[in-house]
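Asker: First the structure, then my questions, so here it is.
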Amino acid sequence: MIRADVRRFAHVIRWGFVLTAFTWGAPVFAQRELRDIPDPDPELERATFVLPEGFEVNLYASDPSIAKPIQMNFDPDGRLWIASSEVYPLIEPGQVANDRILYVEDLDHDGTADQTTIFADGLLIPTGVVPGDGGVYVGASTELLHFRDTDDDGKADERRIVLSGFGTEDTHHIIHTLRWGPEQRMYFNQSIYIHSHIETPWGVRRLNAGGVWQFWPRSMQLDVFSRGLVNQWGTVFDDHGTTFATDGAGGEGINYLVPGAYYYKAFGAERILSGLNPGSPKHCGVEAAYSSHLPDDWQGSMITNDFRGHRVCRFVIREEGAGFVSVEQQEVIRSDHVAFRPIDVKIGPDGALYIADWYNPIIQHGEVDFRDERRDHVHGRIWRVTFPERPLVEYTQLSTATNAELISLLSSPEAFQREHAKRVLVERGRDILPEVRRWMTNLDNSTQHYHRHRLQSLNIYQGLDIVEPELLYSLLVSRDPGARATATRTLGEWHERIPEAFEWLAKRVQDEHPRVRLEAVCASERVARATRSSAESATLHKPTQRADKACTSTCGEFNKA
């Protein structure tokens, strides 16, 4: 006898296929009938690009050096690491799996890559890569791997399985898009058709269907950050550490992620949080534009890719109630080239936008045959978008910078410098803390971004697993609601080691700002079951946005991974 919840799940999936066929019908049939395969010359492709006035685009790296870039991330020295798969979507019988992790370098800093190095090969459809801890982490099928180069020849000679047990039911839903969060946890995604059961020192962690994983390599602690979305493909953070994501198979644009919340297609959810752009096309990859090289009105924008529509998109985000509003702007790139498939985007060390172009006239995974001869397995390129009216950011080699130099960059207007300096400092260990404290103590509290700078210090303490109650409390009561919201989330993480946690949390439940109250509700789920009732009751007496109420019923699952 089929259980009722299984029947409901089958019903949801069945209607999901119907809706997918309905909303994707024209592009699907267009690809089935596609006969005019374009010349793969990058210059012919670039000639089709339409950009906003004043912007330029150049080819940064291209085939044959790179092929089929799936994800990319810069390291602190500006090398661009790429997960590359020629095997995708499915390995053929007898075929040798030889997908690669590689990195490209712009040695003379002229905006064009000069050198490509194959760091690791012999992989089967790697879908995520991020530098860290002396090497690179790689999402590869059932495993999260770590590769290191121990003899400095530019190639990995050490391969370690960090976690295993991730599902592989669908090759474009397996774990992907690795990224460091501001608090130095690693975030990565899996999608709706995947079922994962991961054994960790903290117990078995499970995620059936889509969601966002949060992992701390230092302690091997793995949690489910949020559940739902169909094929979420990109996670990013604003300058307060607020979390956002895109969905490559949904249709709600930018999604505001709340710890423990449920989103579209999350099985068993009583309530879900909706995306910020209902009816928007499906988007892949996302970056927050914090770069002095870009125009002032672009700062904080979310840059993402409409890979089906051959567009790179920009959304302006603003706060509203307990959540956000997102408004689409003119495209960063618009094209009618049928093989232009932007799937990832990052701000580079020079402040420019770097766009991974998967380059393929055929993208459908299930609707077009896996062995369709029109599928492209060898091309791929990285585009670089600049705004010449403003200077590029000066190059800095962060891995060899002094502690003092790195700490000074925590207040940089460049998100690249802030985040990578923080990563290098945390990897250097706890000896850096006295210098961090001196810098934090000497900050000018009259400056615009004073509290944001102090959040950088809080992130370093989090990354080193050092509880700093004085700093946390000062942020909990600061005049900046974004800082209070982030500090409240941290309080939920540190509650077992702060005797005043219950008292502090109770005050944040009554905060004047609804997003702080929202974070307090979610934090209460991590503190104690008894706290939950009082927190929810107090919160719902105040005017709230839909995110408050949805999180109230979903945050309870945060620790049930």
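Lettering and numbering for the structure tokens are positional, with chains as A, B, ... in the shown order, residues counted from 1 in each chain, and ligands counted from 1 in the shown order.
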Skipping near chain neighbours, those fewer than 4 positions away, what residues fall within 7 Å of region 408-424 of chain A using only C-alpha atoms, listed as a PyMOL selection string?

Answerer: chain A and resi 76+182+290-292+347-349+398-399+404+428+453+456+460

Asker: Neighbouring residues of region 190-193 of chain A were defined as those with any atom within 6 Å, considering only C-alpha atoms; residues of the same chain fewer than 5 positions away were excluded. Please report them as a VMD selection string.

Answerer: chain A and resid 173 to 175 209 to 211 230 to 231

Asker: Write a file of the selected residues as an mmCIF file, in the first residue's frame, keeping N, CA and C atoms.

Answerer:
```cif
data_model
loop_
_atom_site.group_PDB
_atom_site.id
_atom_site.type_symbol
_atom_site.label_atom_id
_atom_site.label_comp_id
_atom_site.auth_asym_id
_atom_site.auth_seq_id
_atom_site.Cartn_x
_atom_site.Cartn_y
_atom_site.Cartn_z
ATOM 1 N N HIS A 173 21.873 17.589 -11.224
ATOM 2 C CA HIS A 173 21.327 17.912 -9.902
ATOM 3 C C HIS A 173 22.279 17.540 -8.766
ATOM 4 N N ILE A 174 23.379 16.867 -9.073
ATOM 5 C CA ILE A 174 24.330 16.463 -8.034
ATOM 6 C C ILE A 174 24.940 17.694 -7.369
ATOM 7 N N ILE A 175 25.626 17.489 -6.239
ATOM 8 C CA ILE A 175 26.130 18.636 -5.468
ATOM 9 C C ILE A 175 26.986 19.548 -6.362
ATOM 10 N N ALA A 209 15.891 15.471 -1.938
ATOM 11 C CA ALA A 209 15.468 16.532 -2.855
ATOM 12 C C ALA A 209 16.384 17.747 -2.687
ATOM 13 N N GLY A 210 15.887 18.907 -3.112
ATOM 14 C CA GLY A 210 16.750 20.075 -3.209
ATOM 15 C C GLY A 210 17.002 20.756 -1.885
ATOM 16 N N GLY A 211 18.101 21.483 -1.837
ATOM 17 C CA GLY A 211 18.424 22.252 -0.649
ATOM 18 C C GLY A 211 19.840 22.784 -0.714
ATOM 19 N N VAL A 230 14.127 23.991 -7.110
ATOM 20 C CA VAL A 230 14.147 22.853 -8.026
ATOM 21 C C VAL A 230 15.576 22.487 -8.404
ATOM 22 N N ASN A 231 16.304 23.435 -8.950
ATOM 23 C CA ASN A 231 17.698 23.199 -9.327
ATOM 24 C C ASN A 231 18.493 24.446 -8.993
#
```

Asker: Which residues are near Phe119 (chain A)? Cut-off 7 Å, only C-alpha atoms, ignore same chain within fewer than 5 positions. Put them as a list in words.

Answerer: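 Returned residues: Ile101, Leu102, Gly154, Lys155 and Ala156 of chain A.
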
Asker: Could you pull out the strand (DSSP E) residues of region 37-161 of chain A from DSSP and send them as JSON, numbers by chain?

Answerer: {"A": [56, 57, 58, 59, 60, 61, 62, 69, 70, 71, 72, 73, 74, 80, 81, 82, 83, 84, 99, 100, 101, 102, 103, 104, 105, 115, 116, 117, 118, 119, 120, 121, 122, 123, 126, 127, 128, 129, 130, 131, 132, 135, 136, 137, 138, 139, 140, 143, 144, 145, 146, 147, 148, 158, 159, 160, 161]}

Asker: Would you kindly return, as a list of chain:residue names, each protein, DNA or RNA residue with an atom no farther than 10 Å from any atom of Val477 (chain A), considering only C-alpha atoms and excluding same-chain residues fewer than 4 positions away?

Answerer: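 Contacts, with the query itself left out: A:Leu472, A:Tyr473, A:Pro481, A:Ala483, A:Arg484, A:Ala487, A:Thr488, A:Trp504, A:Lys507, A:Arg508, A:Asp511.
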
Asker: Write out, as a PDB file, in the first residue's frame, the residues just selected, with C-alpha atoms.

Answerer:
```pdb
ATOM      1  CA  LEU A 472      28.496  39.935  19.434  1.00  0.00           C
ATOM      2  CA  TYR A 473      26.475  41.913  21.956  1.00  0.00           C
ATOM      3  CA  PRO A 481      19.395  46.457  11.521  1.00  0.00           C
ATOM      4  CA  ALA A 483      24.167  43.989  11.564  1.00  0.00           C
ATOM      5  CA  ARG A 484      21.621  43.089  14.252  1.00  0.00           C
ATOM      6  CA  ALA A 487      24.462  38.963  14.875  1.00  0.00           C
ATOM      7  CA  THR A 488      21.176  37.293  15.818  1.00  0.00           C
ATOM      8  CA  TRP A 504      19.687  38.409  24.400  1.00  0.00           C
ATOM      9  CA  LYS A 507      15.178  41.094  23.199  1.00  0.00           C
ATOM     10  CA  ARG A 508      15.805  40.463  19.535  1.00  0.00           C
ATOM     11  CA  ASP A 511      13.280  44.119  17.852  1.00  0.00           C
TER      12      ASP A 511
END
```

Asker: From a backbone DSSP assignment, name each residue in region 462-517 of chain A labelled helix (DSSP H, G or I), as a ChimeraX atom specification.

Answerer: /A:462-463,469-476,481-497,501-509,514-517

Asker: Give me, as a ChimeraX atom specification, all polymer residues having an atom no more than 10 Å from Asn459 (chain A), counting only C-alpha atoms and skipping those fewer than 5 positions away in the same chain.

Answerer: /A:181-185,241,422-423,426,454,464-465,487,490

Asker: Now that the selection is made, can you save its residues with C-alpha atoms as a PDB file, in the first residue's frame?

Answerer:
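File produced: selection_37.pdb:
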```pdb
ATOM      1  CA  GLY A 181      30.138  32.123   3.257  1.00  0.00           C
ATOM      2  CA  PRO A 182      31.190  35.236   5.166  1.00  0.00           C
ATOM      3  CA  GLU A 183      31.460  33.244   8.411  1.00  0.00           C
ATOM      4  CA  GLN A 184      33.831  30.823   6.626  1.00  0.00           C
ATOM      5  CA  ARG A 185      31.394  27.947   6.272  1.00  0.00           C
ATOM      6  CA  GLY A 241      25.975  38.349   5.141  1.00  0.00           C
ATOM      7  CA  LYS A 422      39.313  37.022   5.532  1.00  0.00           C
ATOM      8  CA  ARG A 423      39.814  33.551   4.088  1.00  0.00           C
ATOM      9  CA  VAL A 426      41.326  32.353   9.042  1.00  0.00           C
ATOM     10  CA  ARG A 454      32.880  44.946  12.746  1.00  0.00           C
ATOM     11  CA  LEU A 464      38.238  30.234  14.078  1.00  0.00           C
ATOM     12  CA  ASP A 465      35.527  28.904  16.408  1.00  0.00           C
ATOM     13  CA  ALA A 487      24.462  38.963  14.875  1.00  0.00           C
ATOM     14  CA  THR A 490      25.370  34.117  15.040  1.00  0.00           C
TER      15      THR A 490
END
```

Asker: Determine, counting only C-alpha atoms, which protein, DNA and RNA residues have an atom within 8 Å of an atom of Tyr263 (chain A); residues of the same chain fewer than 4 positions away are not included. Present the result as a PyMOL selection string.

Answerer: chain A and resi 226-229+272-274

Asker: Set the distance at 8 Å and use only C-alpha atoms: which residues neighbour region 310-313 of chain A once local chain neighbours fewer than 2 positions away are removed? I'd like the list as a compact mmCIF listing (two decimals) with N, CA and C atoms, in the first residue's frame.

Answerer:
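That gives us part_23.txt:
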```
# COMPACT_ATOMS: atom_id res chain seq x y z
N ILE A 303 23.89 39.90 -9.88
CA ILE A 303 24.15 39.57 -11.28
C ILE A 303 23.94 38.07 -11.44
N THR A 304 23.12 37.68 -12.40
CA THR A 304 22.84 36.27 -12.61
C THR A 304 22.64 36.01 -14.11
N ASN A 305 22.41 34.76 -14.48
CA ASN A 305 22.40 34.38 -15.88
C ASN A 305 21.09 33.73 -16.29
N ASP A 306 20.49 34.25 -17.33
CA ASP A 306 19.35 33.59 -17.98
C ASP A 306 19.95 32.76 -19.12
N PHE A 307 20.39 31.56 -18.78
CA PHE A 307 21.14 30.74 -19.73
C PHE A 307 20.27 30.27 -20.89
N ARG A 308 18.96 30.21 -20.70
CA ARG A 308 18.06 29.81 -21.78
C ARG A 308 17.82 30.98 -22.74
N PHE A 315 19.75 42.54 -11.13
CA PHE A 315 18.60 42.85 -10.29
C PHE A 315 19.04 43.80 -9.17
N GLU A 328 14.31 43.81 -11.81
CA GLU A 328 15.25 43.57 -12.90
C GLU A 328 15.57 44.87 -13.64
N GLN A 329 16.83 44.99 -14.04
CA GLN A 329 17.32 46.15 -14.78
C GLN A 329 17.72 45.73 -16.20
N GLN A 330 18.30 46.67 -16.95
CA GLN A 330 18.82 46.33 -18.27
C GLN A 330 19.86 45.21 -18.15
N GLU A 331 19.89 44.32 -19.14
CA GLU A 331 20.82 43.21 -19.10
C GLU A 331 22.27 43.67 -19.13
N VAL A 332 23.13 42.91 -18.45
CA VAL A 332 24.57 43.13 -18.55
C VAL A 332 25.03 42.72 -19.96
N ILE A 333 24.54 41.58 -20.42
CA ILE A 333 24.76 41.14 -21.80
C ILE A 333 23.46 40.57 -22.33
N ARG A 334 23.11 40.96 -23.54
CA ARG A 334 21.99 40.35 -24.27
C ARG A 334 22.52 39.87 -25.62
N SER A 335 22.10 38.67 -26.03
CA SER A 335 22.62 38.10 -27.27
C SER A 335 21.54 37.25 -27.93
N ASP A 336 21.67 37.08 -29.24
CA ASP A 336 20.82 36.13 -29.96
C ASP A 336 21.63 34.94 -30.45
N HIS A 337 22.84 34.79 -29.94
CA HIS A 337 23.70 33.66 -30.32
C HIS A 337 23.20 32.41 -29.61
N VAL A 338 22.79 31.40 -30.36
CA VAL A 338 22.12 30.25 -29.77
C VAL A 338 23.02 29.39 -28.90
N ALA A 339 24.34 29.56 -28.98
CA ALA A 339 25.25 28.75 -28.17
C ALA A 339 25.79 29.52 -26.96
N PHE A 340 25.44 30.80 -26.82
CA PHE A 340 25.88 31.57 -25.65
C PHE A 340 25.08 31.12 -24.44
N ARG A 341 25.75 30.43 -23.50
CA ARG A 341 25.08 29.87 -22.33
C ARG A 341 25.81 30.30 -21.05
N PRO A 342 25.56 31.52 -20.58
CA PRO A 342 26.21 31.96 -19.35
C PRO A 342 25.66 31.21 -18.15
```
